[in-house]
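**Student:** final.cif is the file, holding mmCIF, C-alpha atoms and all ligand atoms:
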data_model
loop_
_atom_site.label_atom_id
_atom_site.label_comp_id
_atom_site.auth_asym_id
_atom_site.auth_seq_id
_atom_site.Cartn_x
_atom_site.Cartn_y
_atom_site.Cartn_z
CA MET A 1 -34.25 -1.39 17.70
CA ALA A 2 -32.46 -0.90 14.42
CA ILE A 3 -28.79 -1.80 14.25
CA TYR A 4 -26.64 0.52 12.17
CA GLN A 5 -23.53 -1.40 11.25
CA ALA A 6 -21.38 -2.07 8.18
CA THR A 7 -18.25 -4.07 7.38
CA ALA A 8 -15.78 -3.43 4.55
CA SER A 9 -12.34 -4.62 3.53
CA ALA A 10 -9.62 -2.69 1.72
CA PRO A 11 -6.38 -3.63 -0.03
CA VAL A 12 -2.71 -2.81 0.43
CA ASN A 13 -1.03 -0.79 -2.32
CA ILE A 14 2.65 -0.57 -3.23
CA ALA A 15 3.86 2.53 -5.06
CA CYS A 16 5.85 2.50 -8.31
CA ILE A 17 6.22 6.29 -8.20
CA LYS A 18 6.82 7.08 -4.55
CA TYR A 19 5.06 9.65 -2.39
CA TRP A 20 7.75 11.21 -0.21
CA GLY A 21 7.25 14.73 1.16
CA LYS A 22 4.35 16.91 2.30
CA ARG A 23 3.61 20.52 1.48
CA ASP A 24 0.93 20.55 4.21
CA THR A 25 1.43 18.16 7.13
CA LYS A 26 -2.01 18.66 8.70
CA LEU A 27 -4.08 18.10 5.53
CA ILE A 28 -1.46 15.60 4.23
CA LEU A 29 -0.88 17.27 0.87
CA PRO A 30 2.11 15.83 -1.00
CA THR A 31 5.00 17.54 -2.75
CA ASN A 32 4.59 15.22 -5.75
CA SER A 33 2.03 12.97 -7.37
CA SER A 34 2.46 9.20 -6.98
CA LEU A 35 1.23 5.97 -8.54
CA SER A 36 0.68 2.50 -7.17
CA VAL A 37 -0.51 -1.01 -7.85
CA THR A 38 -3.31 -2.28 -5.61
CA LEU A 39 -2.61 -5.80 -4.32
CA ASP A 40 -5.14 -8.61 -4.10
CA GLN A 41 -7.30 -8.64 -0.96
CA ASP A 42 -7.53 -12.40 -1.21
CA HIS A 43 -4.00 -12.36 0.24
CA LEU A 44 -3.55 -9.02 2.07
CA ARG A 45 -6.35 -6.90 3.47
CA SER A 46 -7.67 -4.86 6.36
CA THR A 47 -11.26 -5.51 7.43
CA THR A 48 -13.23 -2.97 9.44
CA THR A 49 -16.67 -2.97 11.06
CA SER A 50 -18.25 0.34 12.06
CA ARG A 51 -21.38 0.77 14.13
CA ALA A 52 -23.31 3.87 15.17
CA ASP A 53 -25.57 3.72 18.19
CA PRO A 54 -27.24 6.36 20.39
CA SER A 55 -26.21 4.40 23.50
CA PHE A 56 -22.45 4.64 22.74
CA GLU A 57 -20.78 7.22 24.96
CA LYS A 58 -17.83 8.07 22.72
CA ASP A 59 -16.06 7.05 19.53
CA ARG A 60 -13.88 3.99 20.17
CA LEU A 61 -11.54 1.96 17.96
CA TRP A 62 -9.94 -1.47 18.28
CA LEU A 63 -7.05 -2.55 16.06
CA ASN A 64 -6.30 -6.28 16.02
CA SER A 65 -8.33 -6.54 19.28
CA ALA A 66 -6.39 -3.90 21.25
CA GLU A 67 -8.13 -0.59 21.87
CA GLU A 68 -6.39 2.45 20.37
CA GLU A 69 -6.79 5.93 21.73
CA ILE A 70 -8.56 8.32 19.34
CA LYS A 71 -6.59 11.47 20.02
CA GLU A 72 -8.40 14.78 19.67
CA GLY A 73 -7.18 16.47 16.48
CA GLY A 74 -5.26 13.34 15.42
CA ARG A 75 -5.56 11.53 12.09
CA LEU A 76 -8.18 9.02 13.26
CA SER A 77 -10.40 11.67 14.77
CA THR A 78 -10.08 13.79 11.60
CA CYS A 79 -11.24 10.90 9.38
CA ILE A 80 -14.19 10.06 11.66
CA ARG A 81 -15.18 13.73 11.91
CA GLU A 82 -15.04 14.18 8.11
CA MET A 83 -17.17 11.08 7.53
CA LYS A 84 -19.74 12.32 10.05
CA ARG A 85 -19.77 15.68 8.28
CA MET A 86 -20.57 13.97 4.97
CA ARG A 87 -23.35 11.99 6.67
CA LYS A 88 -24.75 15.23 8.11
CA GLU A 89 -25.00 16.70 4.60
CA VAL A 90 -27.04 13.70 3.49
CA GLU A 91 -29.29 13.97 6.57
CA ASN A 92 -29.83 17.68 5.91
CA LYS A 93 -31.26 16.83 2.49
CA ASP A 94 -33.58 14.08 3.76
CA ALA A 95 -35.24 14.63 7.15
CA SER A 96 -36.56 11.05 7.25
CA LEU A 97 -33.07 9.58 7.71
CA PRO A 98 -31.87 8.49 11.16
CA LYS A 99 -29.45 11.03 12.63
CA LEU A 100 -26.43 8.71 12.59
CA SER A 101 -24.10 11.71 12.37
CA THR A 102 -25.01 12.55 15.99
CA TYR A 103 -24.23 9.07 17.36
CA ALA A 104 -20.83 7.90 18.55
CA VAL A 105 -19.24 5.03 16.60
CA HIS A 106 -17.47 1.83 17.56
CA ILE A 107 -14.91 0.71 15.00
CA CYS A 108 -13.07 -2.60 14.96
CA SER A 109 -10.31 -3.30 12.44
CA ARG A 110 -8.17 -6.33 11.71
CA ASN A 111 -5.36 -7.10 9.28
CA ASN A 112 -5.04 -10.60 7.85
CA PHE A 113 -1.25 -10.23 7.79
CA PRO A 114 1.00 -9.90 10.83
CA THR A 115 1.97 -6.33 11.71
CA ALA A 116 5.39 -7.79 12.51
CA ALA A 117 5.86 -8.55 8.80
CA GLY A 118 6.65 -4.85 8.44
CA LEU A 119 4.14 -4.41 5.65
CA ALA A 120 2.50 -1.00 5.56
CA SER A 121 -0.89 -1.49 7.16
CA SER A 122 -1.82 2.18 7.50
CA ALA A 123 -2.88 2.38 3.83
CA SER A 124 -5.27 -0.57 3.90
CA GLY A 125 -6.32 0.31 7.45
CA PHE A 126 -7.45 3.88 6.76
CA ALA A 127 -9.02 2.85 3.44
CA ALA A 128 -11.06 0.15 5.20
CA LEU A 129 -12.08 2.61 7.93
CA VAL A 130 -13.35 5.11 5.37
CA ALA A 131 -15.04 2.40 3.25
CA SER A 132 -16.86 0.91 6.25
CA LEU A 133 -18.07 4.33 7.48
CA ALA A 134 -19.21 5.19 3.92
CA ALA A 135 -21.26 1.97 3.87
CA LEU A 136 -22.62 2.59 7.39
CA TYR A 137 -23.64 6.15 6.48
CA GLN A 138 -24.93 5.15 3.02
CA LEU A 139 -22.94 7.98 1.44
CA PRO A 140 -23.37 8.64 -2.27
CA ALA A 141 -19.61 9.39 -2.51
CA SER A 142 -17.28 8.19 -5.29
CA PRO A 143 -13.98 6.45 -4.47
CA SER A 144 -12.14 9.67 -5.41
CA GLU A 145 -14.25 11.66 -2.93
CA LEU A 146 -13.60 9.08 -0.22
CA SER A 147 -9.90 9.19 -1.07
CA LEU A 148 -9.84 12.84 0.07
CA ILE A 149 -10.69 11.64 3.57
CA ALA A 150 -8.48 8.52 3.63
CA ARG A 151 -5.60 10.80 2.58
CA GLN A 152 -5.96 12.68 5.87
CA GLY A 153 -5.46 9.39 7.74
CA SER A 154 -2.30 8.43 5.87
CA GLY A 155 -1.26 9.81 2.50
CA SER A 156 -0.75 6.47 0.79
CA ALA A 157 -4.19 5.29 2.04
CA CYS A 158 -5.96 7.43 -0.57
CA ARG A 159 -4.66 5.09 -3.29
CA SER A 160 -6.27 2.02 -1.63
CA LEU A 161 -9.78 3.30 -2.50
CA PHE A 162 -9.31 1.90 -6.02
CA GLY A 163 -8.25 -1.44 -7.41
CA GLY A 164 -5.84 -1.83 -10.29
CA PHE A 165 -3.39 0.96 -11.12
CA VAL A 166 -3.95 4.16 -9.19
CA ALA A 167 -2.58 7.70 -9.30
CA TRP A 168 -2.67 10.15 -6.41
CA GLU A 169 -2.82 13.53 -8.10
CA MET A 170 -1.02 16.01 -5.86
CA GLY A 171 -3.38 18.90 -6.71
CA SER A 172 -2.61 22.57 -6.16
CA LYS A 173 -5.39 24.00 -3.99
CA PRO A 174 -4.45 24.98 -0.42
CA ASP A 175 -7.57 23.26 0.99
CA GLY A 176 -6.56 19.92 -0.58
CA SER A 177 -9.87 19.44 -2.42
CA ASP A 178 -8.04 18.43 -5.62
CA SER A 179 -5.45 16.13 -3.98
CA LEU A 180 -7.12 12.79 -4.63
CA ALA A 181 -6.80 9.31 -6.06
CA VAL A 182 -7.91 8.44 -9.60
CA GLU A 183 -7.94 5.13 -11.43
CA VAL A 184 -5.32 4.84 -14.18
CA ALA A 185 -6.57 1.38 -15.20
CA PRO A 186 -8.67 -1.28 -13.49
CA ARG A 187 -7.08 -4.62 -12.66
CA GLU A 188 -8.99 -6.28 -15.52
CA HIS A 189 -6.92 -4.16 -17.90
CA TRP A 190 -3.67 -5.88 -16.88
CA PRO A 191 -4.41 -8.82 -14.55
CA ASP A 192 -1.11 -10.45 -15.52
CA ILE A 193 0.85 -8.24 -13.08
CA HIS A 194 1.91 -10.38 -10.14
CA ALA A 195 3.95 -9.46 -7.06
CA LEU A 196 6.35 -11.37 -4.83
CA ILE A 197 6.82 -9.74 -1.44
CA CYS A 198 10.08 -10.71 0.25
CA VAL A 199 9.71 -10.11 3.98
CA VAL A 200 13.20 -9.17 5.14
CA SER A 201 14.05 -9.52 8.80
CA ASP A 202 14.80 -6.27 10.51
CA ASP A 203 15.84 -5.80 14.12
CA LYS A 204 16.40 -2.08 14.24
CA LYS A 205 13.59 0.39 14.75
CA GLY A 206 13.44 2.35 11.50
CA THR A 207 12.52 5.97 10.86
CA SER A 208 8.75 6.32 10.30
CA SER A 209 7.56 7.55 6.90
CA THR A 210 5.90 10.57 8.49
CA SER A 211 9.00 11.89 10.27
CA GLY A 212 11.46 10.68 7.63
CA MET A 213 9.79 12.48 4.75
CA GLN A 214 9.50 15.68 6.77
CA ARG A 215 13.25 15.64 7.40
CA THR A 216 13.81 15.05 3.70
CA VAL A 217 11.63 18.06 2.79
CA GLU A 218 13.61 20.21 5.24
CA THR A 219 17.12 19.16 4.25
CA SER A 220 17.39 17.48 0.84
CA THR A 221 18.23 19.52 -2.25
CA LEU A 222 17.93 16.40 -4.39
CA LEU A 223 14.23 16.16 -3.40
CA GLN A 224 13.60 19.56 -5.03
CA HIS A 225 15.06 18.30 -8.29
CA ARG A 226 12.93 15.14 -8.05
CA ILE A 227 9.73 17.12 -7.43
CA LYS A 228 10.30 19.60 -10.22
CA TYR A 229 11.93 17.64 -13.02
CA VAL A 230 11.65 13.91 -12.43
CA VAL A 231 8.25 12.89 -11.09
CA PRO A 232 5.97 14.81 -13.52
CA GLU A 233 7.62 13.12 -16.51
CA ARG A 234 7.64 9.69 -14.84
CA MET A 235 3.93 9.92 -13.94
CA GLU A 236 3.16 10.46 -17.64
CA ALA A 237 5.50 7.75 -18.85
CA ILE A 238 4.38 5.05 -16.41
CA SER A 239 0.68 5.82 -17.02
CA ALA A 240 1.32 5.36 -20.74
CA ALA A 241 3.21 2.10 -20.05
CA ILE A 242 0.27 0.80 -18.01
CA ARG A 243 -2.23 1.75 -20.70
CA ALA A 244 -0.07 -0.03 -23.31
CA ARG A 245 0.64 -3.00 -21.00
CA ASP A 246 4.32 -2.32 -21.67
CA PHE A 247 6.07 -4.20 -18.86
CA ASP A 248 9.56 -3.23 -20.00
CA SER A 249 8.86 0.51 -19.52
CA PHE A 250 6.79 -0.10 -16.39
CA ALA A 251 9.67 -2.04 -14.83
CA ARG A 252 12.39 0.45 -15.81
CA ILE A 253 10.49 3.40 -14.33
CA THR A 254 9.49 1.50 -11.18
CA MET A 255 13.09 0.54 -10.39
CA GLN A 256 14.41 4.04 -11.19
CA ASP A 257 11.86 5.59 -8.89
CA SER A 258 12.56 3.21 -6.02
CA ASN A 259 16.25 4.01 -6.43
CA GLN A 260 15.61 7.74 -6.40
CA PHE A 261 13.39 7.55 -3.34
CA HIS A 262 16.20 5.80 -1.46
CA ALA A 263 18.65 8.36 -2.85
CA VAL A 264 16.64 11.26 -1.40
CA ALA A 265 16.47 9.36 1.91
CA LEU A 266 20.30 9.19 1.81
CA ASP A 267 20.41 12.89 0.87
CA THR A 268 18.51 13.74 4.06
CA ASP A 269 20.43 15.22 7.00
CA PRO A 270 21.05 13.06 9.00
CA PRO A 271 20.84 10.37 6.31
CA ILE A 272 18.13 7.72 6.39
CA PHE A 273 18.85 4.10 5.35
CA TYR A 274 15.83 1.93 4.70
CA MET A 275 17.45 -0.86 2.68
CA ASN A 276 19.91 -3.31 4.20
CA ASP A 277 22.38 -5.87 2.78
CA VAL A 278 19.56 -8.32 2.07
CA SER A 279 17.58 -5.64 0.20
CA ARG A 280 20.64 -4.78 -1.89
CA ALA A 281 21.36 -8.43 -2.66
CA ILE A 282 17.81 -8.81 -3.99
CA ILE A 283 18.40 -5.79 -6.25
CA ALA A 284 21.57 -7.46 -7.56
CA LEU A 285 19.65 -10.66 -8.33
CA ILE A 286 16.87 -8.88 -10.21
CA VAL A 287 19.38 -6.77 -12.14
CA GLU A 288 21.26 -9.91 -13.21
CA TYR A 289 18.02 -11.76 -14.04
CA ASN A 290 17.01 -8.86 -16.30
CA ARG A 291 20.52 -8.64 -17.82
CA VAL A 292 20.34 -12.27 -18.93
CA ALA A 293 16.91 -11.66 -20.51
CA VAL A 294 18.04 -8.56 -22.37
CA ALA A 295 21.31 -10.18 -23.49
CA ALA A 296 19.21 -12.91 -25.11
CA GLY A 297 17.36 -10.23 -27.08
CA GLY A 298 14.40 -10.03 -24.72
CA LYS A 299 12.99 -7.41 -22.40
CA LEU A 300 12.97 -6.76 -18.66
CA LYS A 301 11.28 -9.58 -16.76
CA ALA A 302 10.97 -8.20 -13.23
CA ALA A 303 11.03 -4.94 -11.26
CA TYR A 304 11.99 -4.41 -7.62
CA THR A 305 10.66 -1.65 -5.41
CA TYR A 306 11.25 -0.77 -1.73
CA ASP A 307 9.27 1.43 0.66
CA ALA A 308 10.39 2.85 4.01
CA GLY A 309 11.88 -0.46 5.16
CA PRO A 310 14.02 -3.37 3.90
CA ASN A 311 11.22 -5.53 2.38
CA ALA A 312 11.37 -6.05 -1.38
CA VAL A 313 8.32 -6.12 -3.63
CA ILE A 314 9.04 -7.69 -6.99
CA TYR A 315 6.54 -6.98 -9.77
CA ALA A 316 6.54 -9.29 -12.80
CA PRO A 317 4.25 -10.83 -15.40
CA LYS A 318 2.83 -14.08 -14.02
CA GLU A 319 4.83 -16.28 -16.40
CA ASN A 320 8.08 -15.18 -14.73
CA LEU A 321 7.07 -15.78 -11.14
CA LYS A 322 8.25 -19.37 -11.03
CA GLU A 323 11.78 -18.42 -12.11
CA ILE A 324 11.79 -15.53 -9.64
CA VAL A 325 10.73 -17.69 -6.68
CA GLU A 326 13.43 -20.25 -7.64
CA LEU A 327 16.02 -17.47 -7.75
CA ILE A 328 15.09 -15.88 -4.43
CA VAL A 329 14.91 -19.25 -2.65
CA LYS A 330 18.37 -20.20 -3.96
CA TYR A 331 19.98 -17.19 -2.28
CA PHE A 332 17.57 -16.92 0.64
CA PRO A 333 16.68 -20.42 1.87
CA GLN A 334 13.29 -20.60 3.55
CA ALA A 335 12.44 -22.21 6.88
CA GLU A 336 8.88 -22.88 5.72
CA PRO A 337 7.89 -24.39 2.38
CA PHE A 338 6.78 -21.76 -0.17
CA LYS A 339 3.02 -21.18 0.08
CA ASP A 340 2.10 -21.52 -3.54
CA PRO A 341 -1.31 -19.81 -3.96
CA PHE A 342 -1.15 -19.94 -7.76
CA ALA A 343 0.10 -23.56 -7.89
CA LEU A 344 3.24 -22.61 -9.84
CA PHE A 345 5.05 -25.68 -8.64
CA GLY A 346 2.15 -28.12 -8.81
CA GLY A 347 3.09 -29.81 -5.55
CA ALA A 348 6.77 -30.22 -6.46
CA GLY A 349 9.05 -28.23 -4.14
CA VAL A 350 11.10 -25.19 -5.06
CA GLN A 351 14.52 -26.40 -6.25
CA GLY A 352 16.45 -23.12 -6.05
CA ARG A 353 17.44 -23.08 -9.73
CA VAL A 354 18.77 -20.12 -11.67
CA VAL A 355 18.18 -19.39 -15.35
CA ASP A 356 20.86 -20.34 -17.92
CA GLY A 357 23.60 -17.75 -18.23
CA PHE A 358 22.98 -16.28 -14.75
CA ASN A 359 26.17 -15.10 -13.06
CA ALA A 360 25.83 -16.71 -9.64
CA ALA A 361 28.58 -14.48 -8.21
CA VAL A 362 26.45 -11.30 -8.21
CA ALA A 363 25.33 -12.10 -4.66
CA LYS A 364 26.35 -14.39 -1.81
CA PRO A 365 23.85 -16.90 -0.51
CA PHE A 366 22.38 -15.89 2.87
CA SER A 367 21.35 -18.18 5.69
CA VAL A 368 17.83 -19.25 6.62
CA GLY A 369 15.81 -16.39 8.07
CA ALA A 370 17.44 -13.47 6.17
CA VAL A 371 14.25 -13.44 4.09
CA LYS A 372 11.73 -14.72 6.61
CA GLY A 373 8.80 -15.15 4.27
CA LEU A 374 7.60 -14.89 0.67
CA ILE A 375 4.10 -13.76 -0.27
CA HIS A 376 2.96 -14.30 -3.84
CA THR A 377 0.06 -12.04 -4.83
CA ARG A 378 -1.13 -10.00 -7.80
CA VAL A 379 -2.94 -6.83 -8.80
CA GLY A 380 -6.33 -6.70 -7.08
CA ASP A 381 -9.65 -4.91 -6.73
CA GLY A 382 -10.76 -1.97 -4.60
CA PRO A 383 -12.61 -1.96 -1.25
CA ARG A 384 -15.40 -4.49 -0.79
CA VAL A 385 -18.52 -4.13 1.34
CA LEU A 386 -18.95 -7.40 3.22
CA GLY A 387 -21.97 -9.19 4.66
CA ALA A 388 -23.09 -9.19 8.31
CA GLU A 389 -21.50 -12.63 8.82
CA GLU A 390 -18.06 -11.00 8.45
CA ALA A 391 -18.71 -8.42 11.19
CA LEU A 392 -15.97 -7.91 13.78
CA LEU A 393 -18.28 -6.35 16.39
CA GLY A 394 -20.65 -8.54 18.42
CA SER A 395 -24.26 -7.79 19.32
CA ASP A 396 -23.02 -5.81 22.35
CA GLY A 397 -21.09 -3.47 20.03
CA LEU A 398 -17.73 -4.72 21.30
CA PRO A 399 -15.07 -6.75 19.43
CA LYS A 400 -16.08 -10.40 18.98
C1 LIG B 501 7.58 5.10 1.06
O1 LIG B 501 1.53 7.21 3.56
O2 LIG B 501 2.88 6.03 5.34
O3 LIG B 501 5.47 4.02 1.27
O4 LIG B 501 1.17 10.24 4.91
O5 LIG B 501 2.80 10.37 6.77
O6 LIG B 501 1.06 8.56 6.76
P1 LIG B 501 1.96 9.47 5.93
O7 LIG B 501 2.99 8.54 5.15
P2 LIG B 501 2.77 7.16 4.39
O8 LIG B 501 4.05 7.17 3.42
C2 LIG B 501 4.27 6.19 2.45
C3 LIG B 501 5.62 6.35 1.86
C4 LIG B 501 6.07 5.25 0.92
C5 LIG B 501 5.80 5.60 -0.54
C6 LIG B 501 4.39 5.45 -1.04
O9 LIG B 501 3.62 4.62 -0.54
O10 LIG B 501 4.06 6.18 -2.00
#
Have the structure of the file written as structure tokens, please.
Ligand code: DP6

**Tutor:**
Amino acid sequence: MAIYQATASAPVNIACIKYWGKRDTKLILPTNSSLSVTLDQDHLRSTTTSRADPSFEKDRLWLNSAEEEIKEGGRLSTCIREMKRMRKEVENKDASLPKLSTYAVHICSRNNFPTAAGLASSASGFAALVASLAALYQLPASPSELSLIARQGSGSACRSLFGGFVAWEMGSKPDGSDSLAVEVAPREHWPDIHALICVVSDDKKGTSSTSGMQRTVETSTLLQHRIKYVVPERMEAISAAIRARDFDSFARITMQDSNQFHAVALDTDPPIFYMNDVSRAIIALIVEYNRVAVAAGGKLKAAYTYDAGPNAVIYAPKENLKEIVELIVKYFPQAEPFKDPFALFGGAGVQGRVVDGFNAAVAKPFSVGAVKGLIHTRVGDGPRVLGAEEALLGSDGLPK
């Protein structure tokens, strides 16, 4: 008996121009275009195995070993249904193909980073789901076509179908057929872009992106200004900066857009706060670090950005990462030694030094645990189809 199974992995992406607001909540159509950097799957990824079999009674999904309910009409069921529909089209054109579209599927997905880290896993998760089903069904679809389906799982997931620098074009059609991800530049164009993720501890249960952005759409007047006047211009300017490998412009726009996203969150009624004192202290450190560089006649050396939570992502050219890690560790002492995947410190520990001329008074040092982890990564590639040895489902079609 033939086994129909495929495994794929997909990356996390962190936006520089933020998606915040839907014009259609069912199809997940945004109120503005957005742009992100795909992070390296060597460090952060979701892996998914999908299998179709005539003996399976119903579609089932396991996430990090626990079974999740696939709710009728929910986002998961929509993505699976759309992928089966695409498979059906292929089967209709070639009668010799097995009728996989009529079989139920078992799907098993795992993240290689702890969910507790508060890193968005829905983007990599839905991208890996769509990539593994596309491999299972042998679909002739492009990443942009697959992004149309991942988008219906979670908006930001559509951008994880590409590596490098990715735009989600908002589109204008009511059916959403032109609201898709496109590559602005592959990672090979600008591999020097690295990222330091500062995992900030957070006790309170935050407002989810889905409900938060809907409240913003309903109540914020500032959002309307952002949609109409700010984002279109920024999308052009940051795309040009990426094409020109102009980090100074890239950084300026990224920080402005993070700030404006958090401003529209504050402009929501009732207001939404995603950043905390630790997040704001990291902003102060990056601002001062850049001030020193510019005062010496140079350009911006780092850019912060924050999503719907307190974690900071700091983008910078690789050559600056050592200084940035030193700076963060000085103010946010770490319980664990810095995992140094790029061997910046060559075995020597992080000293917690600041650059000459740095005004140490811009922030107060915090105690151990305020930043509970640092992840150094870089721009990465798009989804990968993996070999059978990486499968997450056993021969019985259940999680291994
Ligand atoms: C702040 O994609 O998680 O990270 O479409 O409702 O699933 P849904 O929302 P989601 O929102 C992400 C918001 C953001 C900005 C961004 O990634 O562009």

**Student:** Give me, as a list in words, all polymer residues having an atom no more than 10 Å from region 137-139 of chain A, counting only C-alpha atoms and skipping those fewer than 2 positions away in the same chain.

**Tutor:** Tyr4, Gln5, Ala6, Ser50, Arg51, Ala52, Met83, Lys84, Met86, Arg87, Lys88, Glu89, Val90, Glu91, Pro98, Lys99, Leu100, Ser101, Ala131, Ser132, Leu133, Ala134, Ala135, Ala141, Ser142 and Leu146 of chain A

**Student:** Which value, in Å to one decimal, gives the distance between CA of Leu321 (chain A) and CA of Ala10 (chain A)?

**Tutor:** 24.8 Å

**Student:** Could you tell me how far CA of Gln256 (chain A) sits from CA of Ile324 (chain A), in Å to one decimal place?

**Tutor:**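 These atoms are spaced 19.8 Å apart.
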
**Student:** Quick one: residues within 10 Å of Ser160 (chain A), all atoms listed in the file, excluding same-chain residues fewer than 5 positions away - as a list of chain:residue names?

**Tutor:**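 In the requested form, the answer reads A:Ala10, A:Pro11, A:Val12, A:Asn13, A:Ile14, A:Ser36, A:Val37, A:Thr38, A:Leu39, A:Ala123, A:Ser124, A:Gly125, A:Phe126, A:Ala127, A:Ala128, A:Pro143, A:Ser147, A:Ala150, A:Arg151, A:Phe165, A:Val166, A:Ala181, A:Asp381, A:Gly382, A:Pro383.
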
**Student:** Would you list the residues that come within 7 Å of ligand LIG 501 (chain B)? Count all atoms listed in the file and give the answer as an NGL selection string.

**Tutor:** :A and (14-15 or 17-20 or 28 or 34 or 122-123 or 153-157 or 209-210 or 307-308)

**Student:** Can you check which parts of region 30-71 of chain A lie within 9 Å of region 221-230 of chain A? Per residue, the shortest pair of atoms and distance in Å to one decimal, counting all atoms listed in the file, sorted by chain and number, as CSV.

**Tutor:**
residue,atom,partner,partner_atom,distance
A:Thr31,CA,A:Ile227,CA,6.7
A:Asn32,CA,A:Ile227,CA,5.7
A:Ser33,CA,A:Ile227,CA,8.7

**Student:** Please determine, counting all atoms listed in the file, which residue among A:Met170, A:Leu196, A:Leu44, A:Ile149 has the shortest atom-to-atom distance to Asn112 (chain A).

**Tutor:**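 Closest to Asn112 (chain A) of all the choices is A:Leu44.
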
**Student:** Report, in Å to a single decimal, how far apart CA of Ile282 (chain A) and CA of Ala241 (chain A) are.

**Tutor:**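 These atoms are spaced 24.3 Å apart.
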
**Student:** Neighbours of region 347-364 of chain A within 8 Å (all atoms listed in the file; same-chain residues fewer than 4 positions away dropped), as a list of chain:residue names?

**Tutor:**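 Surrounding residues, per the criterion: A:Ala281, A:Ala284, A:Leu285, A:Glu288, A:Tyr289, A:Val292, A:Glu323, A:Val325, A:Glu326, A:Leu327, A:Ile328, A:Val329, A:Lys330, A:Tyr331, A:Pro337, A:Phe338, A:Ala343.
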
**Student:** List every residue of region 182-206 of chain A that has an atom at most 9 Å from any atom of region 371-377 of chain A, and for each one report the closest atom pair and its distance in Å to one decimal, counting all atoms listed in the file, with rows sorted by chain and then by increasing residue number, as CSV.

**Tutor:**
residue,atom,partner,partner_atom,distance
A:His194,CA,A:Thr377,CA,5.9
A:Ala195,CA,A:Thr377,CA,5.2
A:Leu196,CA,A:His376,CA,4.6
A:Ile197,CA,A:Ile375,CA,5.0
A:Cys198,CA,A:Leu374,CA,4.9
A:Val199,CA,A:Gly373,CA,5.1
A:Val200,CA,A:Val371,CA,4.5
A:Ser201,CA,A:Lys372,CA,6.1

**Student:** Produce a file of the selected residues containing C-alpha atoms, as an mmCIF file, in the coordinates of the input.

**Tutor:**
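Written file, part_20.cif:
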data_model
loop_
_atom_site.group_PDB
_atom_site.id
_atom_site.type_symbol
_atom_site.label_atom_id
_atom_site.label_comp_id
_atom_site.auth_asym_id
_atom_site.auth_seq_id
_atom_site.Cartn_x
_atom_site.Cartn_y
_atom_site.Cartn_z
ATOM 1 C CA HIS A 194 1.910 -10.380 -10.140
ATOM 2 C CA ALA A 195 3.950 -9.460 -7.060
ATOM 3 C CA LEU A 196 6.350 -11.370 -4.830
ATOM 4 C CA ILE A 197 6.820 -9.740 -1.440
ATOM 5 C CA CYS A 198 10.080 -10.710 0.250
ATOM 6 C CA VAL A 199 9.710 -10.110 3.980
ATOM 7 C CA VAL A 200 13.200 -9.170 5.140
ATOM 8 C CA SER A 201 14.050 -9.520 8.800
#

**Student:** So, with all atoms listed in the file as the atoms that count, which of A:Ala2, A:Ala293, A:Ala335, A:Leu63 lies closest to Ser121 (chain A)?

**Tutor:**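 Of A:Ala2, A:Ala293, A:Ala335, A:Leu63, the one nearest Ser121 (chain A) is A:Leu63, counting all atoms listed in the file.
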
**Student:** I want to know what sits within 9 Å of Asp257 (chain A), based on all atoms listed in the file, with residues of the same chain fewer than 4 positions away left out; could you give that as a list of chain:residue names?

**Tutor:**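 Counting all atoms listed in the file, the residues come to A:Cys16, A:Ile17, A:Lys18, A:Val231, A:Arg234, A:Arg252, A:Ile253, A:Phe261, A:His262, A:Thr305.
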
**Student:** Which polymer residues have any atom within 10 Å of an atom of Pro310 (chain A), counting all atoms listed in the file, with same-chain residues fewer than 5 positions away left out, as an mmCIF file with C-alpha atoms, in the frame of the given file?

**Tutor:**
data_model
loop_
_atom_site.group_PDB
_atom_site.id
_atom_site.type_symbol
_atom_site.label_atom_id
_atom_site.label_comp_id
_atom_site.auth_asym_id
_atom_site.auth_seq_id
_atom_site.Cartn_x
_atom_site.Cartn_y
_atom_site.Cartn_z
ATOM 1 C CA GLY A 118 6.650 -4.850 8.440
ATOM 2 C CA CYS A 198 10.080 -10.710 0.250
ATOM 3 C CA VAL A 199 9.710 -10.110 3.980
ATOM 4 C CA VAL A 200 13.200 -9.170 5.140
ATOM 5 C CA SER A 201 14.050 -9.520 8.800
ATOM 6 C CA ASP A 202 14.800 -6.270 10.510
ATOM 7 C CA GLY A 206 13.440 2.350 11.500
ATOM 8 C CA PHE A 273 18.850 4.100 5.350
ATOM 9 C CA TYR A 274 15.830 1.930 4.700
ATOM 10 C CA MET A 275 17.450 -0.860 2.680
ATOM 11 C CA ASN A 276 19.910 -3.310 4.200
ATOM 12 C CA ASP A 277 22.380 -5.870 2.780
ATOM 13 C CA VAL A 278 19.560 -8.320 2.070
ATOM 14 C CA SER A 279 17.580 -5.640 0.200
ATOM 15 C CA ARG A 280 20.640 -4.780 -1.890
#

**Student:** Between A:Met1, A:Ile80, A:Ile107, A:Leu148, which one has atoms that come closest to Ala391 (chain A), using only C-alpha atoms?

**Tutor:**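 Comparing A:Met1, A:Ile80, A:Ile107, A:Leu148 against Ala391 (chain A), the winner is A:Ile107.
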
**Student:** Nearest to Thr7 (chain A) among A:Gly387, A:Gly397, A:Pro30, A:Gly164, with distances taken over only C-alpha atoms: which residue is it?

**Tutor:**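 Residue with the minimum atom-to-atom distance to Thr7 (chain A): A:Gly387.
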
**Student:** Would you mind telling me which residue in A:Arg85, A:Asp53, A:Ser177, A:His43 lies nearest to Asp340 (chain A) when using all atoms listed in the file?

**Tutor:**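 Among A:Arg85, A:Asp53, A:Ser177, A:His43, it is A:His43 that comes nearest to Asp340 (chain A).
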